[in-house]
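Colleague: Structure supplied as model.txt; contents: compact mmCIF, C-alpha atoms.
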```txt
# COMPACT_ATOMS: atom_id res chain seq x y z
CA MET E 548 -20.86 -49.93 -46.61
CA GLN E 549 -19.81 -46.44 -47.64
CA GLU E 550 -18.22 -44.17 -45.03
CA GLU E 551 -21.12 -41.73 -45.29
CA ASP E 552 -23.61 -44.60 -44.88
CA PHE E 553 -21.78 -45.73 -41.74
CA ALA E 554 -21.88 -42.20 -40.36
CA ILE E 555 -25.62 -41.90 -41.00
CA GLU E 556 -26.29 -45.31 -39.44
CA PHE E 557 -24.15 -44.39 -36.42
CA ILE E 558 -26.12 -41.16 -35.96
CA LEU E 559 -29.46 -42.95 -36.26
CA ASP E 560 -28.36 -45.61 -33.77
CA SER E 561 -27.26 -42.87 -31.38
CA VAL E 562 -30.60 -41.08 -31.71
CA ASP E 563 -32.44 -44.36 -31.02
CA ALA E 564 -30.24 -44.96 -27.97
CA VAL E 565 -30.93 -41.47 -26.62
CA MET E 566 -34.67 -41.85 -27.22
CA ALA E 567 -34.65 -45.25 -25.50
CA SER E 568 -32.81 -43.84 -22.49
CA GLU E 569 -35.28 -40.95 -22.27
CA LYS E 570 -38.17 -43.42 -22.26
CA GLN E 571 -36.68 -45.41 -19.38
CA PRO E 572 -37.33 -43.70 -16.04
CA LYS E 573 -35.60 -44.85 -12.89
CA VAL E 574 -38.66 -44.26 -10.73
CA LEU E 575 -42.31 -45.07 -11.30
CA LEU E 576 -44.27 -42.83 -8.92
CA PHE E 577 -47.93 -43.75 -8.46
CA ASP E 578 -50.93 -42.01 -7.02
CA ILE E 579 -53.12 -44.51 -5.15
CA GLY E 580 -56.86 -43.65 -5.33
CA GLY E 581 -58.14 -43.89 -8.90
CA VAL E 582 -54.81 -45.35 -10.09
CA CYS E 583 -53.80 -48.37 -8.00
CA VAL E 584 -57.12 -48.83 -6.24
CA VAL E 585 -60.66 -48.17 -7.45
CA SER E 586 -61.73 -44.53 -7.50
CA PRO E 587 -64.32 -43.50 -4.89
CA PHE E 588 -66.08 -41.38 -7.53
CA GLN E 589 -68.84 -43.92 -8.19
CA ALA E 590 -69.66 -44.07 -4.47
CA ILE E 591 -70.10 -40.29 -4.44
CA LEU E 592 -72.19 -40.42 -7.59
CA ASN E 593 -74.38 -43.22 -6.25
CA TYR E 594 -75.11 -41.16 -3.15
CA GLU E 595 -75.91 -38.03 -5.16
CA ILE E 596 -78.28 -39.97 -7.39
CA SER E 597 -80.01 -41.63 -4.44
CA GLN E 598 -80.59 -38.23 -2.83
CA ASN E 599 -81.58 -36.34 -6.02
CA ILE E 600 -78.49 -34.13 -5.72
CA PRO E 601 -77.09 -32.74 -8.99
CA PRO E 602 -74.12 -34.99 -9.90
CA GLY E 603 -70.77 -33.39 -9.16
CA TRP E 604 -71.80 -31.25 -6.20
CA ILE E 605 -69.82 -33.15 -3.55
CA ASN E 606 -66.62 -33.20 -5.61
CA HIS E 607 -67.12 -29.51 -6.42
CA SER E 608 -67.51 -28.67 -2.75
CA ILE E 609 -64.38 -30.63 -1.74
CA SER E 610 -62.36 -29.03 -4.54
CA ARG E 611 -63.48 -25.47 -3.89
CA THR E 612 -62.85 -25.54 -0.13
CA SER E 613 -59.15 -26.17 -0.78
CA PRO E 614 -56.70 -25.61 0.84
CA HIS E 615 -58.35 -24.92 4.20
CA GLY E 616 -61.38 -27.20 4.04
CA PHE E 617 -61.74 -30.00 6.55
CA TRP E 618 -61.08 -32.62 3.85
CA HIS E 619 -57.74 -31.02 2.99
CA ARG E 620 -56.76 -30.48 6.61
CA LEU E 621 -57.44 -34.17 7.28
CA GLU E 622 -55.27 -35.16 4.31
CA ARG E 623 -52.43 -33.06 5.71
CA GLY E 624 -52.73 -34.76 9.08
CA GLU E 625 -53.62 -31.50 10.82
CA ILE E 626 -56.78 -32.88 12.42
CA LEU E 627 -57.98 -36.27 13.62
CA LEU E 628 -60.53 -38.44 11.88
CA ASP E 629 -63.18 -38.09 14.57
CA SER E 630 -66.58 -36.52 15.24
CA SER E 631 -65.12 -33.00 15.09
CA TYR E 632 -63.82 -33.71 11.60
CA PHE E 633 -67.20 -34.94 10.42
CA ARG E 634 -68.94 -31.85 11.80
CA GLY E 635 -66.49 -29.66 9.91
CA PHE E 636 -66.71 -31.70 6.70
CA ASN E 637 -70.49 -31.56 6.95
CA SER E 638 -70.32 -27.78 7.27
CA ASP E 639 -68.13 -27.53 4.15
CA LEU E 640 -70.66 -29.59 2.20
CA HIS E 641 -73.44 -27.16 3.15
CA ASP E 642 -71.80 -23.89 2.09
CA TYR E 643 -74.53 -21.88 0.35
CA THR E 644 -72.15 -19.64 -1.63
CA LEU E 645 -70.39 -22.63 -3.16
CA TRP E 646 -73.70 -24.38 -3.77
CA SER E 647 -75.21 -21.34 -5.49
CA SER E 648 -72.19 -21.04 -7.79
CA PHE E 649 -72.24 -24.75 -8.61
CA TYR E 650 -75.98 -24.78 -9.24
CA THR E 651 -75.99 -21.83 -11.63
CA THR E 652 -72.78 -22.54 -13.54
CA LYS E 653 -72.72 -26.33 -13.65
CA ALA E 654 -75.89 -28.10 -12.51
CA ARG E 655 -78.32 -26.11 -14.68
CA LYS E 656 -75.90 -26.28 -17.61
CA GLU E 657 -76.00 -30.08 -17.39
CA ASN E 658 -79.73 -30.17 -16.72
CA PRO E 659 -81.57 -27.07 -18.07
CA SER E 660 -84.88 -28.42 -16.74
CA LEU E 661 -83.80 -27.56 -13.18
CA PRO E 662 -85.54 -24.47 -11.69
CA ALA E 663 -83.85 -21.14 -12.36
CA GLU E 664 -84.09 -20.13 -8.72
CA VAL E 665 -81.34 -21.59 -6.59
CA PRO E 666 -82.86 -24.10 -4.14
CA PRO E 667 -81.61 -24.72 -0.59
CA VAL E 668 -78.31 -26.55 -0.20
CA PRO E 669 -78.94 -30.31 -0.47
CA LYS E 670 -78.72 -32.28 2.74
CA VAL E 671 -75.63 -34.49 2.70
CA ASP E 672 -74.71 -37.06 5.34
CA ALA E 673 -70.99 -36.28 5.35
CA GLU E 674 -69.97 -39.20 7.57
CA TYR E 675 -71.91 -41.73 5.50
CA VAL E 676 -70.45 -40.41 2.23
CA PHE E 677 -66.92 -40.43 3.63
CA TRP E 678 -67.06 -44.07 4.71
CA LYS E 679 -68.69 -45.17 1.45
CA MET E 680 -65.80 -43.51 -0.39
CA MET E 681 -63.28 -45.31 1.79
CA GLU E 682 -65.10 -48.63 1.31
CA GLU E 683 -65.17 -48.23 -2.48
CA SER E 684 -61.45 -47.55 -2.63
CA ARG E 685 -60.46 -50.71 -0.73
CA ALA E 686 -60.55 -52.71 -3.98
CA MET E 687 -57.41 -52.98 -6.13
CA ASP E 688 -57.72 -51.61 -9.65
CA PRO E 689 -58.22 -54.69 -11.86
CA TRP E 690 -55.84 -53.41 -14.56
CA MET E 691 -53.16 -51.57 -12.62
CA TYR E 692 -52.72 -54.08 -9.80
CA PRO E 693 -51.42 -56.91 -12.04
CA ALA E 694 -49.09 -54.40 -13.69
CA LEU E 695 -47.72 -53.36 -10.29
CA LEU E 696 -47.04 -56.97 -9.35
CA LYS E 697 -45.09 -57.51 -12.58
CA LEU E 698 -43.17 -54.25 -12.20
CA LYS E 699 -42.17 -55.23 -8.67
CA ALA E 700 -41.08 -58.67 -9.85
CA SER E 701 -38.95 -57.13 -12.62
CA LYS E 702 -36.81 -55.20 -10.08
CA LYS E 703 -36.01 -52.72 -12.85
CA TYR E 704 -37.43 -49.62 -11.19
CA ILE E 705 -37.86 -47.90 -7.89
CA LEU E 706 -41.59 -48.21 -7.21
CA ALA E 707 -42.95 -45.33 -5.19
CA ALA E 708 -46.28 -43.85 -4.19
CA LEU E 709 -47.28 -40.22 -3.67
CA SER E 710 -50.80 -40.15 -2.29
CA ASN E 711 -53.21 -37.79 -0.59
CA THR E 712 -54.24 -39.96 2.34
CA VAL E 713 -55.90 -39.95 5.74
CA ILE E 714 -54.84 -41.54 9.02
CA PHE E 715 -57.51 -43.92 10.28
CA PRO E 716 -58.05 -44.30 14.03
CA PRO E 717 -55.83 -47.11 15.39
CA SER E 718 -58.89 -49.17 16.30
CA HIS E 719 -60.35 -49.05 12.78
CA PRO E 720 -59.80 -52.09 10.50
CA TYR E 721 -58.54 -49.85 7.69
CA SER E 722 -55.66 -48.76 9.92
CA SER E 723 -53.98 -52.17 9.81
CA PRO E 724 -55.07 -54.14 6.74
CA LEU E 725 -53.87 -57.68 6.13
CA PRO E 726 -50.62 -57.75 4.10
CA GLU E 727 -52.37 -59.24 1.06
CA ASN E 728 -54.82 -56.32 1.10
CA ASP E 729 -52.26 -53.61 1.82
CA ILE E 730 -51.24 -51.76 -1.36
CA ARG E 731 -48.33 -50.17 0.53
CA THR E 732 -46.39 -53.45 0.50
CA LEU E 733 -45.79 -53.10 -3.25
CA PHE E 734 -43.75 -49.91 -2.96
CA ASP E 735 -40.16 -49.16 -2.03
CA ILE E 736 -41.19 -45.67 -0.92
CA PHE E 737 -44.68 -44.62 0.19
CA ILE E 738 -45.22 -40.90 0.76
CA SER E 739 -48.50 -40.26 2.57
CA SER E 740 -49.79 -36.69 2.69
CA ALA E 741 -51.27 -37.11 6.17
CA HIS E 742 -47.91 -38.30 7.52
CA VAL E 743 -45.74 -35.60 5.95
CA GLY E 744 -48.10 -32.65 6.44
CA LEU E 745 -48.31 -31.79 2.74
CA ARG E 746 -50.74 -32.75 0.00
CA LYS E 747 -50.84 -32.62 -3.77
CA PRO E 748 -50.76 -30.31 -5.65
CA ASP E 749 -48.57 -28.31 -3.22
CA PRO E 750 -45.15 -27.97 -4.94
CA ALA E 751 -43.48 -28.78 -1.62
CA ILE E 752 -44.67 -32.39 -1.64
CA TYR E 753 -43.10 -32.97 -5.07
CA SER E 754 -39.81 -31.55 -3.77
CA LEU E 755 -40.09 -33.87 -0.78
CA ALA E 756 -40.76 -36.83 -3.08
CA LEU E 757 -37.72 -36.02 -5.19
CA SER E 758 -35.37 -35.68 -2.21
CA THR E 759 -36.75 -38.85 -0.58
CA LEU E 760 -36.32 -40.86 -3.76
CA SER E 761 -32.86 -39.46 -4.35
CA ASP E 762 -31.76 -40.38 -0.82
CA TYR E 763 -33.22 -43.86 -1.25
CA SER E 764 -31.32 -44.32 -4.51
CA LYS E 765 -28.02 -43.28 -2.93
CA SER E 766 -28.41 -45.29 0.27
CA ASN E 767 -29.34 -48.45 -1.65
CA GLY E 768 -26.48 -48.19 -4.13
CA ILE E 769 -28.78 -47.61 -7.10
CA SER E 770 -27.21 -44.32 -8.16
CA LYS E 771 -24.45 -42.40 -6.38
CA ASP E 772 -25.82 -39.20 -7.89
CA GLY E 773 -29.35 -39.83 -6.68
CA ILE E 774 -32.45 -39.25 -8.81
CA ALA E 775 -33.14 -36.35 -11.16
CA ALA E 776 -36.71 -35.09 -11.54
CA SER E 777 -36.68 -36.07 -15.22
CA GLU E 778 -36.01 -39.70 -14.19
CA ILE E 779 -39.38 -39.94 -12.44
CA LEU E 780 -42.55 -40.99 -14.23
CA PHE E 781 -45.56 -39.82 -12.21
CA LEU E 782 -49.01 -41.39 -12.68
CA ASP E 783 -52.14 -39.69 -11.36
CA ASP E 784 -55.82 -39.39 -12.25
CA ILE E 785 -56.19 -35.69 -11.39
CA GLY E 786 -55.08 -33.04 -13.86
CA GLU E 787 -53.93 -30.42 -11.36
CA ASN E 788 -51.72 -32.99 -9.62
CA LEU E 789 -50.13 -33.96 -12.93
CA LYS E 790 -49.65 -30.30 -13.87
CA ALA E 791 -47.82 -29.70 -10.58
CA GLY E 792 -45.72 -32.79 -11.18
CA LYS E 793 -44.74 -31.57 -14.62
CA LYS E 794 -43.75 -28.19 -13.14
CA ALA E 795 -41.52 -30.11 -10.72
CA GLY E 796 -39.77 -31.67 -13.70
CA PHE E 797 -41.42 -35.09 -13.54
CA ARG E 798 -42.60 -36.96 -16.59
CA THR E 799 -46.33 -37.55 -16.25
CA LEU E 800 -48.94 -40.09 -17.32
CA LYS E 801 -52.68 -39.52 -16.92
CA VAL E 802 -54.76 -42.45 -15.67
CA ASN E 803 -58.31 -41.97 -16.90
CA LEU E 804 -61.21 -42.89 -14.66
CA GLY E 805 -62.29 -46.47 -15.26
CA ARG E 806 -59.74 -46.87 -18.07
CA ALA E 807 -56.48 -47.71 -16.27
CA PHE E 808 -55.75 -50.32 -18.96
CA GLU E 809 -54.81 -47.42 -21.25
CA ALA E 810 -52.14 -46.30 -18.78
CA VAL E 811 -50.91 -49.89 -18.52
CA ASP E 812 -50.53 -49.88 -22.31
CA GLU E 813 -48.34 -46.79 -22.05
CA LEU E 814 -46.31 -48.34 -19.25
CA GLU E 815 -45.67 -51.36 -21.47
CA LYS E 816 -44.35 -49.07 -24.21
CA ILE E 817 -42.12 -47.22 -21.77
CA THR E 818 -40.75 -50.23 -19.88
CA GLY E 819 -40.73 -52.84 -22.63
CA LEU E 820 -42.39 -55.25 -20.19
CA LYS E 821 -45.58 -57.24 -20.57
CA LEU E 822 -47.70 -55.84 -17.77
CA ALA E 823 -51.35 -56.40 -18.66
CA GLY E 824 -53.37 -58.93 -16.71
CA SER E 825 -56.39 -60.91 -17.85
CA HIS E 826 -59.16 -58.50 -16.80
CA PRO E 827 -61.39 -57.51 -19.78
CA ARG E 828 -60.46 -54.21 -21.37
CA VAL E 829 -63.91 -52.69 -20.92
CA ALA E 830 -64.10 -49.17 -19.53
CA THR E 831 -66.00 -48.77 -16.28
CA THR E 832 -67.16 -45.20 -16.63
CA PRO E 833 -69.41 -43.69 -13.94
CA VAL E 834 -73.07 -44.38 -14.61
CA ILE E 835 -75.68 -41.61 -14.33
CA PRO E 836 -79.09 -43.11 -15.08
CA LYS E 837 -81.29 -40.63 -16.94
CA ALA E 838 -84.20 -41.45 -14.70
CA ALA E 839 -82.12 -40.54 -11.66
CA VAL E 840 -81.06 -37.03 -12.70
CA ALA E 841 -81.69 -34.56 -9.91
CA LYS E 842 -85.22 -33.21 -9.95
CA LEU E 843 -84.95 -30.64 -7.11
```
Can I see the file as structure tokens?
Modeller:
Amino acid sequence: MQEEDFAIEFILDSVDAVMASEKQPKVLLFDIGGVCVVSPFQAILNYEISQNIPPGWINHSISRTSPHGFWHRLERGEILLDSSYFRGFNSDLHDYTLWSSFYTTKARKENPSLPAEVPPVPKVDAEYVFWKMMEESRAMDPWMYPALLKLKASKKYILAALSNTVIFPPSHPYSSPLPENDIRTLFDIFISSAHVGLRKPDPAIYSLALSTLSDYSKSNGISKDGIAASEILFLDDIGENLKAGKKAGFRTLKVNLGRAFEAVDELEKITGLKLAGSHPRVATTPVIPKAAVAKL
């Protein structure tokens, strides 16, 4: 081998080594709903269809009442999950200004056959919708769950969760699930918005996640220097949460609704591990039957 050939090969090997190290995070940080467990979106959609409500209204209402809506206050642990919460959540879902904006800019764009005049705000049973969402999201994601089990068994990474959550009443079954049904048991660190008083995409919760993970790394002898933001790979299904994570310096990976197997593919490339389970790779996209489109 010529000297110049050796130099070129050495440089290429070094580049490959750097690229490999960049692809290997120390922390895999997961959102829960829509990533590790089934998204509640279909439950919302099913309700909207059954009530002839233009699809997307409930999500729009929740999103647009941020950051002071009752949903967001519950996820920050500022209020209890009780009858007062449901009255407030119900009020948020019946805001005429938000409804009028949604109807004219989104609903009629999706369905031009809807009347031009804005109708009354649809009646929504907020408590029923909430519990159907919670019920839907009890199930583990059929693609991500096997990957999580294999990642935990590998012991190669700190597994952490950063989730917008609620605190169920102590008497409710969801408050104390059986260990085999409790997704929290898979993680070294579980950061719950309702317990820390912050929720995504507030930059403060990403700072909290970084400091918590860094402290964990130091105290467990993983790294005396802690964790750098660039050593965290953050998986979420919501764009604004991922955007905030990227601003915090995290690497990010989008988990598309009903297509978590695509994110598992990316995790396999990043980790070099075989993570996929046996569940068929068939997307489960939300279904909106044509016959069920809102008639109003």
Colleague: Could you tell me how far CA of Lys816 in chain E lies from CA of Pro693 in chain E, in Å and to one decimal?
Modeller: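 Taking CA of Lys816 in chain E and CA of Pro693 in chain E, their separation equals 16.1 Å.
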Colleague: CA of Leu814 in chain E to CA of Glu778 in chain E: how many Å, to one decimal?
Modeller: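 The value is 14.4 Å.
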Colleague: In terms of the shortest atom-to-atom distance over all atoms listed in the file, which of E:Val829, E:Leu627, E:Leu822, E:Ala795 is closest to Ala694 in chain E?
Modeller: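 When distances to Ala694 in chain E are compared using all atoms listed in the file, the smallest one comes from E:Leu822.
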Colleague: Just give me the gap between CA of Ala708 in chain E and CA of Ser739 in chain E in Å, one decimal is fine.
Modeller: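 Going from CA of Ala708 in chain E over to CA of Ser739 in chain E, I get 8.0 Å.
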Colleague: Using all atoms listed in the file, list the residues that have an atom at most 12 Å from (-33.5, -53.2, -15.9), coordinates as in the file, as a PyMOL selection string.
Modeller: chain E and resi 568+571-574+698-705+769+818-820
Colleague: Write out as an mmCIF file with C-alpha atoms, in the coordinates of the input the residues lying within 7 Å of Lys679 in chain E, counting only C-alpha atoms and excluding same-chain residues fewer than 4 positions away.
Modeller:
```cif
data_model
loop_
_atom_site.group_PDB
_atom_site.id
_atom_site.type_symbol
_atom_site.label_atom_id
_atom_site.label_comp_id
_atom_site.auth_asym_id
_atom_site.auth_seq_id
_atom_site.Cartn_x
_atom_site.Cartn_y
_atom_site.Cartn_z
ATOM 1 C CA ALA E 590 -69.660 -44.070 -4.470
ATOM 2 C CA TYR E 675 -71.910 -41.730 5.500
ATOM 3 C CA GLU E 683 -65.170 -48.230 -2.480
#
```
Colleague: Enumerate, as a list in words, the protein, DNA and RNA residues whose atoms approach (-71.2, -24.5, 3.8) to within 12 Å, taking into account only C-alpha atoms and the coordinate frame of the file.
Modeller: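 Checking each residue against the 12 Å limit leaves Ile605, Ser608, Ile609, Arg611, Thr612, Gly616, Phe617, Arg634, Gly635, Phe636, Asn637, Ser638, Asp639, Leu640, His641, Asp642, Tyr643, Thr644, Leu645, Trp646, Ser647, Pro667, Val668, Pro669, Lys670, Val671 and Ala673 of chain E.
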Colleague: Of the candidates E:Gly796, E:Pro659, E:Gly744, E:Gly624, which one gets nearest to Phe715 in chain E if we count all atoms listed in the file?
Modeller: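 Comparing E:Gly796, E:Pro659, E:Gly744, E:Gly624 against Phe715 in chain E, the winner is E:Gly624.
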Colleague: Show which residues sit within 12 Å of Tyr721 in chain E, as a tab-separated table (two decimals) with C-alpha atoms, in the coordinates of the input. Count only C-alpha atoms, and ignore same-chain residues fewer than 3 positions away.
Modeller:
```tsv
chain	number	residue	atom	x	y	z
E	678	TRP	CA	-67.06	-44.07	4.71
E	681	MET	CA	-63.28	-45.31	1.79
E	682	GLU	CA	-65.10	-48.63	1.31
E	684	SER	CA	-61.45	-47.55	-2.63
E	685	ARG	CA	-60.46	-50.71	-0.73
E	713	VAL	CA	-55.90	-39.95	5.74
E	714	ILE	CA	-54.84	-41.54	9.02
E	715	PHE	CA	-57.51	-43.92	10.28
E	716	PRO	CA	-58.05	-44.30	14.03
E	717	PRO	CA	-55.83	-47.11	15.39
E	718	SER	CA	-58.89	-49.17	16.30
E	724	PRO	CA	-55.07	-54.14	6.74
E	725	LEU	CA	-53.87	-57.68	6.13
E	726	PRO	CA	-50.62	-57.75	4.10
E	728	ASN	CA	-54.82	-56.32	1.10
E	729	ASP	CA	-52.26	-53.61	1.82
E	730	ILE	CA	-51.24	-51.76	-1.36
```
Colleague: Choose the residue, out of E:Glu813, E:Lys765, E:His742, E:Lys801, that has the smallest atom-to-atom separation from Ile626 in chain E; count only C-alpha atoms.
Modeller: E:His742
Colleague: Have a look at E:Phe677, E:Phe737, E:Phe797, E:Phe577 and name the one nearest to Ile591 in chain E; count all atoms listed in the file.
Modeller: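 When distances to Ile591 in chain E are compared using all atoms listed in the file, the smallest one comes from E:Phe677.
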Colleague: So, counting only C-alpha atoms, which residue among E:Ala791, E:Ile774, E:Leu745, E:Leu757 is closest to Pro614 in chain E?
Modeller: E:Leu745
Colleague: Between E:Tyr632, E:Tyr692, E:Tyr594, E:Trp618, which has the minimum distance to Gly581 in chain E (counting all atoms listed in the file)?
Modeller: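 Using all atoms listed in the file, the shortest distance to Gly581 in chain E belongs to E:Tyr692.
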Colleague: Do you know which residues are at most 12 Å from Ala776 in chain E counting all atoms listed in the file, after dropping those on the same chain fewer than 4 positions away, and could you put them as a ChimeraX atom specification?
Modeller: /E:572-576,753-761,780-781,792-799
Colleague: Box in all listed atoms of range 674-690 of chain E, axis-aligned, with 3 Å more on each side; write out centre and edge lengths in Å to one decimal as AutoDock Vina command-line options.
Modeller:
```
--center_x -63.9 --center_y -46.9 --center_z -3.5 --size_x 22.1 --size_y 21.5 --size_z 28.1
```
Colleague: Write range 717-726 of chain E as a PDB file, in the frame of the given file, completed to all heavy atoms.
Modeller:
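The result, stored in result-v4.pdb:
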```pdb
ATOM      1  N   PRO E 717     -56.529 -45.839  15.190  1.00  0.00           N
ATOM      2  CA  PRO E 717     -55.830 -47.110  15.390  1.00  0.00           C
ATOM      3  C   PRO E 717     -56.764 -48.311  15.544  1.00  0.00           C
ATOM      4  O   PRO E 717     -56.408 -49.430  15.161  1.00  0.00           O
ATOM      5  CB  PRO E 717     -55.039 -46.873  16.688  1.00  0.00           C
ATOM      6  CG  PRO E 717     -54.857 -45.401  16.734  1.00  0.00           C
ATOM      7  CD  PRO E 717     -56.092 -44.804  16.142  1.00  0.00           C
ATOM      8  N   SER E 718     -57.952 -48.077  16.074  1.00  0.00           N
ATOM      9  CA  SER E 718     -58.890 -49.170  16.300  1.00  0.00           C
ATOM     10  C   SER E 718     -59.671 -49.559  15.041  1.00  0.00           C
ATOM     11  O   SER E 718     -60.363 -50.582  15.036  1.00  0.00           O
ATOM     12  CB  SER E 718     -59.894 -48.787  17.397  1.00  0.00           C
ATOM     13  OG  SER E 718     -60.623 -47.616  17.020  1.00  0.00           O
ATOM     14  N   HIS E 719     -59.564 -48.762  13.988  1.00  0.00           N
ATOM     15  CA  HIS E 719     -60.350 -49.050  12.780  1.00  0.00           C
ATOM     16  C   HIS E 719     -59.644 -50.109  11.929  1.00  0.00           C
ATOM     17  O   HIS E 719     -58.419 -50.081  11.782  1.00  0.00           O
ATOM     18  CB  HIS E 719     -60.538 -47.773  11.951  1.00  0.00           C
ATOM     19  CG  HIS E 719     -61.629 -47.894  10.930  1.00  0.00           C
ATOM     20  ND1 HIS E 719     -61.433 -48.501   9.709  1.00  0.00           N
ATOM     21  CD2 HIS E 719     -62.930 -47.523  10.970  1.00  0.00           C
ATOM     22  CE1 HIS E 719     -62.560 -48.483   9.026  1.00  0.00           C
ATOM     23  NE2 HIS E 719     -63.494 -47.892   9.768  1.00  0.00           N
ATOM     24  N   PRO E 720     -60.408 -51.043  11.332  1.00  0.00           N
ATOM     25  CA  PRO E 720     -59.800 -52.090  10.500  1.00  0.00           C
ATOM     26  C   PRO E 720     -58.955 -51.568   9.350  1.00  0.00           C
ATOM     27  O   PRO E 720     -57.973 -52.215   8.968  1.00  0.00           O
ATOM     28  CB  PRO E 720     -61.019 -52.867   9.975  1.00  0.00           C
ATOM     29  CG  PRO E 720     -62.101 -52.605  10.966  1.00  0.00           C
ATOM     30  CD  PRO E 720     -61.866 -51.218  11.470  1.00  0.00           C
ATOM     31  N   TYR E 721     -59.306 -50.404   8.807  1.00  0.00           N
ATOM     32  CA  TYR E 721     -58.540 -49.850   7.690  1.00  0.00           C
ATOM     33  C   TYR E 721     -57.146 -49.390   8.119  1.00  0.00           C
ATOM     34  O   TYR E 721     -56.276 -49.177   7.275  1.00  0.00           O
ATOM     35  CB  TYR E 721     -59.274 -48.675   7.052  1.00  0.00           C
ATOM     36  CG  TYR E 721     -60.554 -49.038   6.333  1.00  0.00           C
ATOM     37  CD1 TYR E 721     -61.464 -48.058   5.964  1.00  0.00           C
ATOM     38  CD2 TYR E 721     -60.860 -50.353   6.014  1.00  0.00           C
ATOM     39  CE1 TYR E 721     -62.646 -48.375   5.291  1.00  0.00           C
ATOM     40  CE2 TYR E 721     -62.034 -50.688   5.355  1.00  0.00           C
ATOM     41  CZ  TYR E 721     -62.929 -49.682   4.994  1.00  0.00           C
ATOM     42  OH  TYR E 721     -64.094 -50.005   4.340  1.00  0.00           O
ATOM     43  N   SER E 722     -56.950 -49.234   9.426  1.00  0.00           N
ATOM     44  CA  SER E 722     -55.660 -48.760   9.920  1.00  0.00           C
ATOM     45  C   SER E 722     -54.568 -49.817   9.769  1.00  0.00           C
ATOM     46  O   SER E 722     -53.396 -49.485   9.544  1.00  0.00           O
ATOM     47  CB  SER E 722     -55.781 -48.356  11.390  1.00  0.00           C
ATOM     48  OG  SER E 722     -54.550 -47.921  11.903  1.00  0.00           O
ATOM     49  N   SER E 723     -54.955 -51.083   9.889  1.00  0.00           N
ATOM     50  CA  SER E 723     -53.980 -52.170   9.810  1.00  0.00           C
ATOM     51  C   SER E 723     -54.515 -53.300   8.940  1.00  0.00           C
ATOM     52  O   SER E 723     -54.903 -54.372   9.448  1.00  0.00           O
ATOM     53  CB  SER E 723     -53.658 -52.701  11.213  1.00  0.00           C
ATOM     54  OG  SER E 723     -53.153 -51.679  12.043  1.00  0.00           O
ATOM     55  N   PRO E 724     -54.543 -53.095   7.624  1.00  0.00           N
ATOM     56  CA  PRO E 724     -55.070 -54.140   6.740  1.00  0.00           C
ATOM     57  C   PRO E 724     -54.143 -55.351   6.689  1.00  0.00           C
ATOM     58  O   PRO E 724     -52.951 -55.245   6.992  1.00  0.00           O
ATOM     59  CB  PRO E 724     -55.132 -53.441   5.376  1.00  0.00           C
ATOM     60  CG  PRO E 724     -54.089 -52.372   5.457  1.00  0.00           C
ATOM     61  CD  PRO E 724     -54.090 -51.913   6.888  1.00  0.00           C
ATOM     62  N   LEU E 725     -54.693 -56.482   6.315  1.00  0.00           N
ATOM     63  CA  LEU E 725     -53.870 -57.680   6.130  1.00  0.00           C
ATOM     64  C   LEU E 725     -52.858 -57.425   5.017  1.00  0.00           C
ATOM     65  O   LEU E 725     -53.148 -56.676   4.066  1.00  0.00           O
ATOM     66  CB  LEU E 725     -54.760 -58.868   5.765  1.00  0.00           C
ATOM     67  CG  LEU E 725     -55.755 -59.323   6.845  1.00  0.00           C
ATOM     68  CD1 LEU E 725     -56.688 -60.393   6.286  1.00  0.00           C
ATOM     69  CD2 LEU E 725     -55.001 -59.849   8.064  1.00  0.00           C
ATOM     70  N   PRO E 726     -51.664 -58.004   5.105  1.00  0.00           N
ATOM     71  CA  PRO E 726     -50.620 -57.750   4.100  1.00  0.00           C
ATOM     72  C   PRO E 726     -51.088 -57.950   2.660  1.00  0.00           C
ATOM     73  O   PRO E 726     -50.727 -57.169   1.773  1.00  0.00           O
ATOM     74  CB  PRO E 726     -49.519 -58.749   4.476  1.00  0.00           C
ATOM     75  CG  PRO E 726     -49.704 -58.964   5.934  1.00  0.00           C
ATOM     76  CD  PRO E 726     -51.184 -58.908   6.171  1.00  0.00           C
TER      77      PRO E 726
END
```
